[in-house]
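Visitor: This is the content of protein_38.txt (compact mmCIF, C-alpha atoms and all ligand atoms):
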```
# COMPACT_ATOMS: atom_id res chain seq x y z
CA MET A 1 0.00 0.00 0.00
CA THR A 2 1.55 3.29 -1.00
CA ALA A 3 0.60 6.90 -0.65
CA THR A 4 1.50 7.55 -4.23
CA ALA A 5 2.15 5.42 -7.28
CA PRO A 6 5.80 5.21 -8.31
CA ARG A 7 6.59 7.58 -11.15
CA PRO A 8 9.04 6.59 -13.82
CA ALA A 9 10.84 9.85 -14.44
CA ALA A 10 12.36 12.17 -11.90
CA ALA A 11 12.68 15.83 -12.72
CA PRO A 12 15.79 17.70 -11.55
CA THR A 13 16.25 17.52 -7.78
CA PRO A 14 18.68 19.54 -5.71
CA ALA A 15 22.17 18.20 -6.16
CA ALA A 16 24.33 20.52 -4.07
CA PRO A 17 25.70 18.67 -1.01
CA HIS A 18 23.69 20.70 1.50
CA LEU A 19 20.48 19.89 -0.37
CA ARG A 20 20.92 16.13 -0.57
CA GLU A 21 18.79 13.72 1.40
CA ASP A 22 20.19 11.60 4.22
CA LEU A 23 19.23 9.84 7.43
CA LEU A 24 17.65 12.92 8.91
CA THR A 25 15.63 13.96 5.87
CA PRO A 26 11.85 13.63 6.22
CA ARG A 27 10.33 10.51 4.71
CA PHE A 28 7.02 9.61 3.06
CA TYR A 29 4.47 7.45 4.87
CA SER A 30 1.49 5.21 4.33
CA THR A 31 -0.75 3.25 6.73
CA GLN A 32 -3.62 0.79 7.32
CA ILE A 33 -6.31 2.76 5.55
CA GLU A 34 -9.02 0.04 5.92
CA ARG A 35 -8.50 0.23 9.66
CA ALA A 36 -8.66 4.04 9.59
CA ALA A 37 -12.03 3.67 7.84
CA ARG A 38 -13.33 1.81 10.92
CA THR A 39 -12.68 4.81 13.23
CA ASP A 40 -15.62 5.08 15.62
CA LEU A 41 -16.41 8.78 16.00
CA ASP A 42 -19.39 8.35 18.36
CA ALA A 43 -17.61 9.14 21.61
CA GLN A 44 -15.80 12.08 20.02
CA ARG A 45 -18.74 13.42 17.99
CA GLN A 46 -18.81 16.87 19.61
CA ALA A 47 -15.06 17.38 19.29
CA PHE A 48 -15.13 16.10 15.71
CA ASP A 49 -17.89 18.51 14.63
CA ALA A 50 -16.12 21.44 16.31
CA MET A 51 -12.84 20.62 14.55
CA LEU A 52 -14.44 20.07 11.17
CA GLY A 53 -16.17 23.45 11.60
CA GLU A 54 -12.86 25.15 12.40
CA MET A 55 -11.15 23.55 9.41
CA GLU A 56 -14.03 24.57 7.10
CA ALA A 57 -13.80 28.15 8.43
CA ASP A 58 -10.28 28.24 6.94
CA TYR A 59 -8.91 31.08 9.05
CA ASN A 60 -5.70 31.20 7.03
CA ARG A 61 -7.38 31.37 3.62
CA ASP A 62 -5.81 34.74 2.82
CA HIS A 63 -2.65 34.32 4.86
CA PHE A 64 -0.48 32.43 2.37
CA ASP A 65 -0.54 35.20 -0.20
CA ARG A 66 0.99 33.87 -3.39
CA ARG A 67 2.03 37.39 -4.41
CA ALA A 68 3.99 38.11 -1.22
CA PRO A 69 7.62 38.73 -2.14
CA LEU A 70 9.91 36.12 -0.58
CA ASP A 71 13.26 37.19 -1.91
CA ARG A 72 14.47 39.72 0.71
CA LEU A 73 17.62 38.21 2.24
CA ARG A 74 20.04 40.37 4.13
CA HIS A 75 23.74 40.09 3.41
CA LEU A 76 23.99 36.32 3.71
CA SER A 77 27.35 34.69 3.03
CA PRO A 78 27.38 31.58 0.80
CA GLN A 79 27.60 29.36 3.93
CA GLU A 80 24.66 31.14 5.52
CA LYS A 81 22.65 30.81 2.35
CA GLU A 82 23.41 27.07 2.40
CA ALA A 83 22.11 26.76 5.96
CA TYR A 84 18.92 28.61 5.03
CA GLU A 85 18.41 26.61 1.84
CA SER A 86 18.89 23.24 3.48
CA TYR A 87 16.35 24.27 6.16
CA LEU A 88 13.92 25.20 3.36
CA VAL A 89 14.41 21.87 1.57
CA ARG A 90 13.87 19.78 4.72
CA SER A 91 10.81 21.77 5.75
CA CYS A 92 9.33 21.70 2.27
CA VAL A 93 9.75 17.92 1.92
CA SER A 94 8.30 17.42 5.39
CA GLU A 95 5.21 19.55 4.65
CA PHE A 96 4.76 17.80 1.31
CA SER A 97 5.03 14.40 2.99
CA GLY A 98 2.12 15.42 5.28
CA PHE A 99 0.13 16.57 2.26
CA LEU A 100 0.57 13.21 0.49
CA LEU A 101 -0.43 11.16 3.53
CA PHE A 102 -3.54 13.27 4.26
CA LYS A 103 -4.56 13.38 0.60
CA GLU A 104 -4.31 9.60 0.24
CA LEU A 105 -6.21 9.03 3.49
CA SER A 106 -8.90 11.44 2.30
CA ARG A 107 -9.24 9.68 -1.06
CA ARG A 108 -9.42 6.20 0.43
CA LEU A 109 -11.79 7.20 3.24
CA GLN A 110 -14.12 8.66 0.62
CA GLN A 111 -14.07 5.33 -1.24
CA ALA A 112 -14.83 3.57 2.04
CA GLY A 113 -17.96 5.69 2.52
CA ARG A 114 -16.53 7.80 5.38
CA ALA A 115 -17.32 11.18 3.81
CA GLU A 116 -16.89 13.27 6.98
CA LEU A 117 -13.52 11.81 7.89
CA SER A 118 -12.46 12.11 4.26
CA ARG A 119 -13.39 15.80 4.31
CA LEU A 120 -11.36 16.41 7.47
CA PHE A 121 -8.26 14.88 5.88
CA ALA A 122 -8.86 16.81 2.64
CA LEU A 123 -8.85 20.06 4.65
CA MET A 124 -5.62 19.11 6.42
CA ALA A 125 -4.10 18.22 3.03
CA ARG A 126 -5.16 21.69 1.83
CA ASP A 127 -3.16 23.31 4.64
CA GLU A 128 -0.06 21.17 4.08
CA ALA A 129 -0.16 21.88 0.33
CA ARG A 130 -0.17 25.60 1.14
CA HIS A 131 2.75 25.20 3.54
CA ALA A 132 4.80 23.14 1.08
CA GLY A 133 3.90 25.52 -1.74
CA PHE A 134 5.03 28.52 0.29
CA LEU A 135 8.38 26.94 1.17
CA ASN A 136 8.75 25.93 -2.45
CA ARG A 137 8.27 29.57 -3.47
CA ALA A 138 11.01 30.59 -1.03
CA LEU A 139 13.26 27.98 -2.67
CA VAL A 140 12.42 29.25 -6.15
CA ALA A 141 13.36 32.73 -4.94
CA GLU A 142 16.76 31.17 -4.11
CA GLY A 143 17.01 29.72 -7.61
CA ILE A 144 16.35 26.15 -6.42
CA THR A 145 13.73 23.92 -8.00
CA ILE A 146 12.47 20.73 -6.39
CA ASP A 147 9.96 18.65 -8.29
CA LEU A 148 8.08 17.40 -5.24
CA PRO A 149 5.77 14.88 -6.98
CA ALA A 150 8.78 13.32 -8.73
CA LEU A 151 10.73 13.24 -5.45
CA SER A 152 7.91 11.36 -3.71
CA GLY A 153 7.89 8.79 -6.50
CA LYS A 154 11.63 8.22 -6.15
CA ARG A 155 11.80 7.66 -2.41
CA PRO A 156 10.62 4.53 -0.66
CA ILE A 157 7.36 4.89 1.22
CA THR A 158 7.56 3.90 4.90
CA TRP A 159 4.57 1.85 6.02
CA PHE A 160 3.33 2.29 9.61
CA PRO A 161 0.43 0.65 11.47
CA LEU A 162 -2.40 3.13 12.11
CA SER A 163 -1.58 3.48 15.82
CA TRP A 164 1.99 4.51 14.93
CA VAL A 165 0.74 7.06 12.42
CA LEU A 166 -1.69 8.55 14.96
CA TYR A 167 1.05 8.89 17.59
CA SER A 168 3.82 10.09 15.28
CA VAL A 169 1.71 12.54 13.25
CA TYR A 170 0.21 13.97 16.47
CA LEU A 171 3.74 14.58 17.73
CA SER A 172 5.12 15.91 14.48
CA GLU A 173 2.24 18.42 14.24
CA LYS A 174 2.76 19.57 17.83
CA ILE A 175 6.54 19.74 17.55
CA GLY A 176 6.03 21.64 14.28
CA TYR A 177 3.75 24.07 16.11
CA TRP A 178 6.33 24.70 18.82
CA ARG A 179 9.17 25.09 16.33
CA TYR A 180 7.31 27.70 14.29
CA ILE A 181 5.95 29.63 17.29
CA LEU A 182 9.27 29.69 19.17
CA ILE A 183 11.10 30.99 16.08
CA ASP A 184 8.32 33.56 15.63
CA ARG A 185 8.52 34.72 19.27
CA HIS A 186 12.30 34.92 19.12
CA LEU A 187 12.25 37.00 15.92
CA LYS A 188 9.60 39.36 17.30
CA ALA A 189 11.86 39.95 20.29
CA ASN A 190 14.96 40.24 18.04
CA PRO A 191 13.76 41.80 14.76
CA SER A 192 17.31 42.43 13.56
CA SER A 193 17.76 38.63 13.18
CA ASN A 194 14.74 38.37 10.87
CA PHE A 195 16.70 37.99 7.65
CA ALA A 196 14.02 36.46 5.39
CA PRO A 197 10.40 37.47 4.74
CA LEU A 198 9.35 33.82 5.06
CA PHE A 199 9.51 34.11 8.87
CA ASP A 200 6.85 36.86 8.87
CA PHE A 201 4.31 34.14 8.02
CA PHE A 202 5.07 31.75 10.88
CA GLU A 203 2.48 32.79 13.47
CA PRO A 204 -0.80 31.90 11.69
CA TRP A 205 1.09 29.03 10.02
CA CYS A 206 1.84 27.42 13.35
CA GLN A 207 -1.87 27.64 14.26
CA ASP A 208 -2.59 25.29 11.34
CA GLU A 209 -0.14 22.76 12.81
CA ASN A 210 -1.67 23.17 16.25
CA ARG A 211 -5.16 22.44 14.87
CA HIS A 212 -3.86 19.38 13.01
CA GLY A 213 -2.31 18.13 16.25
CA ASP A 214 -5.65 18.60 18.07
CA ILE A 215 -7.39 16.63 15.32
CA PHE A 216 -4.93 13.76 15.79
CA ASN A 217 -5.45 13.90 19.54
CA MET A 218 -9.19 13.47 18.92
CA LEU A 219 -8.50 10.56 16.53
CA ILE A 220 -6.28 8.86 19.13
CA ARG A 221 -9.19 9.08 21.61
CA CYS A 222 -11.43 7.27 19.12
CA TRP A 223 -9.35 4.13 19.86
CA PRO A 224 -9.58 3.36 23.59
CA GLY A 225 -6.61 0.97 23.51
CA LEU A 226 -4.36 3.85 22.47
CA THR A 227 -4.66 5.90 25.63
CA THR A 228 -4.46 3.26 28.37
CA GLY A 229 -2.52 0.11 29.12
CA LEU A 230 0.90 -1.26 28.33
CA ARG A 231 0.70 -0.74 24.57
CA ALA A 232 -0.17 2.95 25.00
CA ASN A 233 2.71 3.37 27.47
CA ILE A 234 5.15 1.80 25.02
CA LEU A 235 3.84 3.91 22.13
CA SER A 236 4.22 7.08 24.23
CA ARG A 237 7.78 6.23 25.20
CA PHE A 238 8.89 5.16 21.73
CA PHE A 239 7.42 8.07 19.77
CA LEU A 240 8.38 10.81 22.21
CA TRP A 241 11.91 9.43 22.34
CA SER A 242 12.31 8.97 18.57
CA VAL A 243 10.77 12.33 17.62
CA PHE A 244 12.94 14.12 20.22
CA LEU A 245 16.05 12.25 19.10
CA THR A 246 15.50 13.16 15.45
CA HIS A 247 14.90 16.76 16.48
CA SER A 248 18.04 16.96 18.61
CA LEU A 249 20.23 15.45 15.90
CA THR A 250 18.76 17.70 13.22
CA VAL A 251 18.92 20.93 15.24
CA CYS A 252 22.27 20.37 16.94
CA GLU A 253 23.93 18.85 13.89
CA ARG A 254 22.69 21.58 11.61
CA GLY A 255 22.98 24.37 14.12
CA GLU A 256 24.16 26.93 11.60
CA PHE A 257 20.61 27.87 10.58
CA TYR A 258 19.59 28.54 14.21
CA ARG A 259 22.75 30.54 14.92
CA LEU A 260 21.91 32.59 11.84
CA LEU A 261 18.61 33.45 13.55
CA GLY A 262 20.54 34.43 16.67
CA MET A 263 19.43 31.30 18.56
CA GLU A 264 21.52 28.80 20.47
CA PRO A 265 20.67 25.44 18.81
CA ALA A 266 20.92 23.25 21.95
CA ALA A 267 18.75 25.69 23.96
CA PHE A 268 16.19 25.88 21.14
CA ASP A 269 16.11 22.08 20.90
CA ALA A 270 15.56 21.79 24.66
CA ASP A 271 12.78 24.42 24.61
CA VAL A 272 10.99 22.70 21.75
CA MET A 273 11.24 19.31 23.52
CA ARG A 274 9.99 20.68 26.86
CA HIS A 275 6.97 22.40 25.33
CA THR A 276 6.11 19.43 23.11
CA ASN A 277 6.47 17.01 26.03
CA ASP A 278 4.16 19.21 28.12
CA THR A 279 1.61 19.46 25.32
CA ALA A 280 1.70 15.67 24.86
CA ARG A 281 0.40 15.26 28.43
CA ARG A 282 -3.03 16.01 26.96
CA ALA A 283 -2.79 13.15 24.46
CA PHE A 284 -0.50 10.41 25.83
CA PRO A 285 -0.77 8.36 29.03
CA ARG A 286 2.89 8.99 29.85
CA VAL A 287 5.50 11.63 28.98
CA PHE A 288 9.21 11.97 29.77
CA ARG A 289 10.52 13.69 32.84
CA LEU A 290 12.65 16.03 30.74
CA ASP A 291 15.19 16.96 33.35
CA ALA A 292 18.92 17.67 33.30
CA GLY A 293 19.65 13.92 32.99
CA TYR A 294 17.74 13.63 29.70
CA LEU A 295 19.47 16.70 28.29
CA ARG A 296 22.91 15.52 29.42
CA LEU A 297 22.33 12.32 27.48
CA ARG A 298 21.16 14.41 24.51
CA ASP A 299 24.49 16.27 24.55
CA GLN A 300 26.48 13.03 24.70
CA ILE A 301 24.42 11.52 21.86
CA VAL A 302 24.96 14.55 19.61
CA GLU A 303 28.67 14.57 20.44
CA THR A 304 29.05 10.85 19.68
CA PHE A 305 27.01 11.21 16.47
CA ARG A 306 29.43 13.93 15.33
CA SER A 307 32.51 11.84 16.18
CA LEU A 308 31.01 8.80 14.43
CA LYS A 309 30.83 10.67 11.17
CA ARG A 310 34.57 11.30 11.26
CA ALA A 311 35.68 7.95 12.73
CA THR A 312 37.17 4.96 10.91
CA GLY A 313 38.07 1.36 11.71
CA PHE A 314 38.08 0.18 15.33
CA GLN A 315 37.28 3.65 16.62
CA LYS A 316 34.08 3.61 14.57
CA LEU A 317 33.01 0.30 16.10
CA ARG A 318 33.73 1.59 19.61
CA LEU A 319 31.74 4.77 18.95
CA ARG A 320 28.84 2.76 17.51
CA LEU A 321 28.65 0.72 20.69
CA ARG A 322 28.81 3.86 22.79
CA PHE A 323 26.11 5.47 20.63
CA ALA A 324 23.80 2.44 21.02
CA GLY A 325 24.36 2.44 24.80
CA LEU A 326 23.53 6.15 25.06
CA LEU A 327 20.39 5.71 22.96
CA TRP A 328 19.22 2.89 25.21
CA ARG A 329 19.87 4.97 28.35
CA GLN A 330 17.91 7.88 26.92
CA PHE A 331 15.07 5.60 25.77
CA THR A 332 14.72 4.19 29.28
CA GLN A 333 14.72 7.56 31.08
CA PRO A 334 11.97 8.00 33.71
CA MET A 335 8.50 8.96 32.58
CA GLU A 336 5.56 10.48 34.45
CA PRO A 337 1.80 10.24 33.92
CA GLY A 338 0.11 12.43 31.30
CA ARG A 339 -3.36 13.86 31.83
CA VAL A 340 -5.08 12.21 28.88
CA ASN A 341 -7.29 10.06 31.07
CA SER A 342 -8.23 12.88 33.44
CA ILE A 343 -9.43 15.26 30.72
CA VAL A 344 -12.98 14.90 29.37
FE FE B 401 2.29 22.04 7.76
FE FE B 402 0.28 20.05 9.81
```
Using structure tokens, write down the structure that the file contains.
Ligand SMILES: [Fe+2]
Ligand SMILES: [Fe+2]
Guide:
Amino acid sequence: MTATAPRPAAAPTPAAPHLREDLLTPRFYSTQIERAARTDLDAQRQAFDAMLGEMEADYNRDHFDRRAPLDRLRHLSPQEKEAYESYLVRSCVSEFSGFLLFKELSRRLQQAGRAELSRLFALMARDEARHAGFLNRALVAEGITIDLPALSGKRPITWFPLSWVLYSVYLSEKIGYWRYILIDRHLKANPSSNFAPLFDFFEPWCQDENRHGDIFNMLIRCWPGLTTGLRANILSRFFLWSVFLTHSLTVCERGEFYRLLGMEPAAFDADVMRHTNDTARRAFPRVFRLDAGYLRLRDQIVETFRSLKRATGFQKLRLRLRFAGLLWRQFTQPMEPGRVNSIV
């Protein structure tokens, strides 16, 4: 089952080293759509209607103005431009990946006779298409063209069970919200660091991601086994840990972009994790106790990841073992109860 049929020809994709895909580049996903079609909305009917109403209202209809100029960049050196461009590519692919998943879910839910659910996913796909389109315009302003449909045909599609998709998309929407809003707040407090007009659009943009996250929270609640019991505890631990780990490696490894904005990458990463972890209390039965111990391990993991990239031979093996040990220690860090089961 794939979100999109493979396409034979790939149009030009970015080839410069800083634009190439790797381990940390966003991927494309698909899931158990027949199972999604069995979602029982009865218990969540009120929340569902309210969210569908909000999505139909389309508060950001006029926000993503296609005529807004996106080419004001202040005195960036070639290295700084690289950092900005690689941020744009990753964000654009990530938004487009969300669009593809939601669009495919919408299409298949329509076929399965779930018109309301299909509509909700179509409206989320609408938002993600706008986000990807906007980032794509910023890339075009930089003279970079990515053929997104061709790119999605070229990359393997990762298949996840529905429960994994609900947990991971919920988290990626909420972490996306916190990333956009924290950058926005920082730039409002430090306007001299606002070097690209793209950032002026982040505030209403992040509200889209917040709404999507709330929709996924509601969908998680439609499946009682996903908010209580051992399986829900394991899902909470695994997805919080893996989403935070990917974030830490991306932000700390590619810190140049954040320094360009006048932010300290490790502090930004920690802020985003803390807020996202707190927000997840409303959706997951357990969240991490994100204390100094967790962050100390984060620093060691990033450091080892960096050394691994330079290492060879026996040293590489030793660092791999150390890396695996650190990951396990971080994965097993203490957790505390969320509030999902105490909120009506
Ligand atoms: Fe988005
Ligand atoms: Fe989103």
Visitor: Could you list, as a PDB file with C-alpha atoms, in the frame of the given file, every residue within 8 Å of Glu80 of chain A, counting all atoms listed in the file and ignoring same-chain residues fewer than 4 positions away?
Guide:
```
ATOM      1  CA  LEU A  76      23.990  36.320   3.710  1.00  0.00           C
ATOM      2  CA  TYR A  84      18.920  28.610   5.030  1.00  0.00           C
ATOM      3  CA  GLU A 256      24.160  26.930  11.600  1.00  0.00           C
ATOM      4  CA  PHE A 257      20.610  27.870  10.580  1.00  0.00           C
ATOM      5  CA  LEU A 260      21.910  32.590  11.840  1.00  0.00           C
TER       6      LEU A 260
END
```
Visitor: Between atom CA of Glu128 of chain A and atom CA of Glu95 of chain A, what is the spacing in Å?
Guide: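 Separating atom CA of Glu95 of chain A from atom CA of Glu128 of chain A is a distance of 5.5 Å.
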Visitor: With distances taken over only C-alpha atoms and all ligand atoms, which residue among A:Lys309, A:Lys81, A:His212, A:His75 lies nearest ligand FE 402 (chain B)?
Guide: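 Using only C-alpha atoms and all ligand atoms, ligand FE 402 (chain B) sits closest to A:His212.
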Visitor: Which of these residues is nearest to Asn233 of chain A, using all atoms listed in the file: A:Val287, A:Met124, A:Leu326, A:Ile183?
Guide: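 Once distances to Asn233 of chain A are computed over all atoms listed in the file, the minimum belongs to A:Val287.
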Visitor: Can you tell me which residues sit at most 8 Å away from ligand FE 401 (chain B), counting all atoms listed in the file, written as a list of chain:residue names?
Guide: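 The residues within 8 Å of ligand FE 401 (chain B), counting all atoms listed in the file, are A:Ser94, A:Glu95, A:Gly98, A:Asp127, A:Glu128, A:Ala129, A:Arg130, A:His131, A:Ala132, A:Glu173, A:Gly176, A:Trp205, A:Cys206, A:Asp208, A:Glu209.
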Visitor: Could you check how far atom CA of Glu336 of chain A sits from atom CA of Pro285 of chain A, in Å to one decimal?
Guide: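 Atom CA of Glu336 of chain A sits 8.6 Å away from atom CA of Pro285 of chain A.
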Visitor: I'd like the neighbourhood of Glu116 of chain A as a list in words, where a residue qualifies if any of its atoms comes within 10 Å (using all atoms listed in the file), though same-chain residues fewer than 3 positions away should be ignored.
Guide: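 Listed by chain and then number, they are Phe48, Asp49, Leu52, Ser106, Leu109, Gln110, Gly113, Arg119, Leu120, Phe121 and Ala122 of chain A.
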Visitor: May I ask which of the residues A:Phe216, A:Tyr258, A:Trp178, A:Phe284 is the closest one to Ser236 of chain A, counting all atoms listed in the file?
Guide: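 Of A:Phe216, A:Tyr258, A:Trp178, A:Phe284, the one nearest Ser236 of chain A, counting all atoms listed in the file, is A:Phe284.
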Visitor: Can you work out which one of A:Leu123, A:Leu308, A:Ala270, A:Ala57 has the shortest atom-to-atom distance to Leu290 of chain A, counting only C-alpha atoms?
Guide: A:Ala270
Visitor: Go through A:Leu327, A:Ala141, A:Ala125, A:Ile146 one by one, measure the shortest atom-to-atom distance of each to ligand FE 402 (chain B) using only C-alpha atoms and all ligand atoms, and give the residue with the smallest value.
Guide: A:Ala125
Visitor: For each of A:Phe201, A:Phe195, A:Leu171, A:Ala266, take the minimum atom-to-atom distance to Trp241 of chain A, counting only C-alpha atoms, then give the residue where this is smallest.
Guide: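 Answer, going by the shortest atom-to-atom distance: A:Leu171.
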Visitor: Around the point (8.1, 16.2, 24.5) in the file's coordinates, collect all residues with an atom within 9 Å, using all atoms listed in the file, and return them as JSON, numbers by chain.
Guide: {"A": [171, 175, 240, 241, 243, 244, 272, 273, 274, 275, 276, 277, 278, 279, 280, 281, 287, 288, 290]}
Visitor: What is the atom CA of Gln32 of chain A to atom CA of Cys222 of chain A distance in Å?
Guide: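 Pair atom CA of Gln32 of chain A / atom CA of Cys222 of chain A returns 15.6 Å.
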Visitor: With a distance cut-off of 10 Å and all atoms listed in the file, select the neighbouring residues of Pro161 of chain A, excluding the residue or stretch itself and same-chain residues fewer than 6 positions from it, and output the selection as number ranges by chain.
Guide: A: 30-33, 35-36
Visitor: Show me, as a PyMOL selection string, the residues that have an atom within 8 Å of Ile220 of chain A when counting all atoms listed in the file, minus same-chain residues fewer than 5 positions from it.
Guide: chain A and resi 163+166-167+226-227+283
Visitor: Quick one: residues within 10 Å of Asp40 of chain A, only C-alpha atoms counted, chain neighbours fewer than 5 positions away excluded, as a list in words?
Guide: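 What passes the distance filter is Arg45, Leu219, Arg221, Cys222 and Trp223 of chain A.
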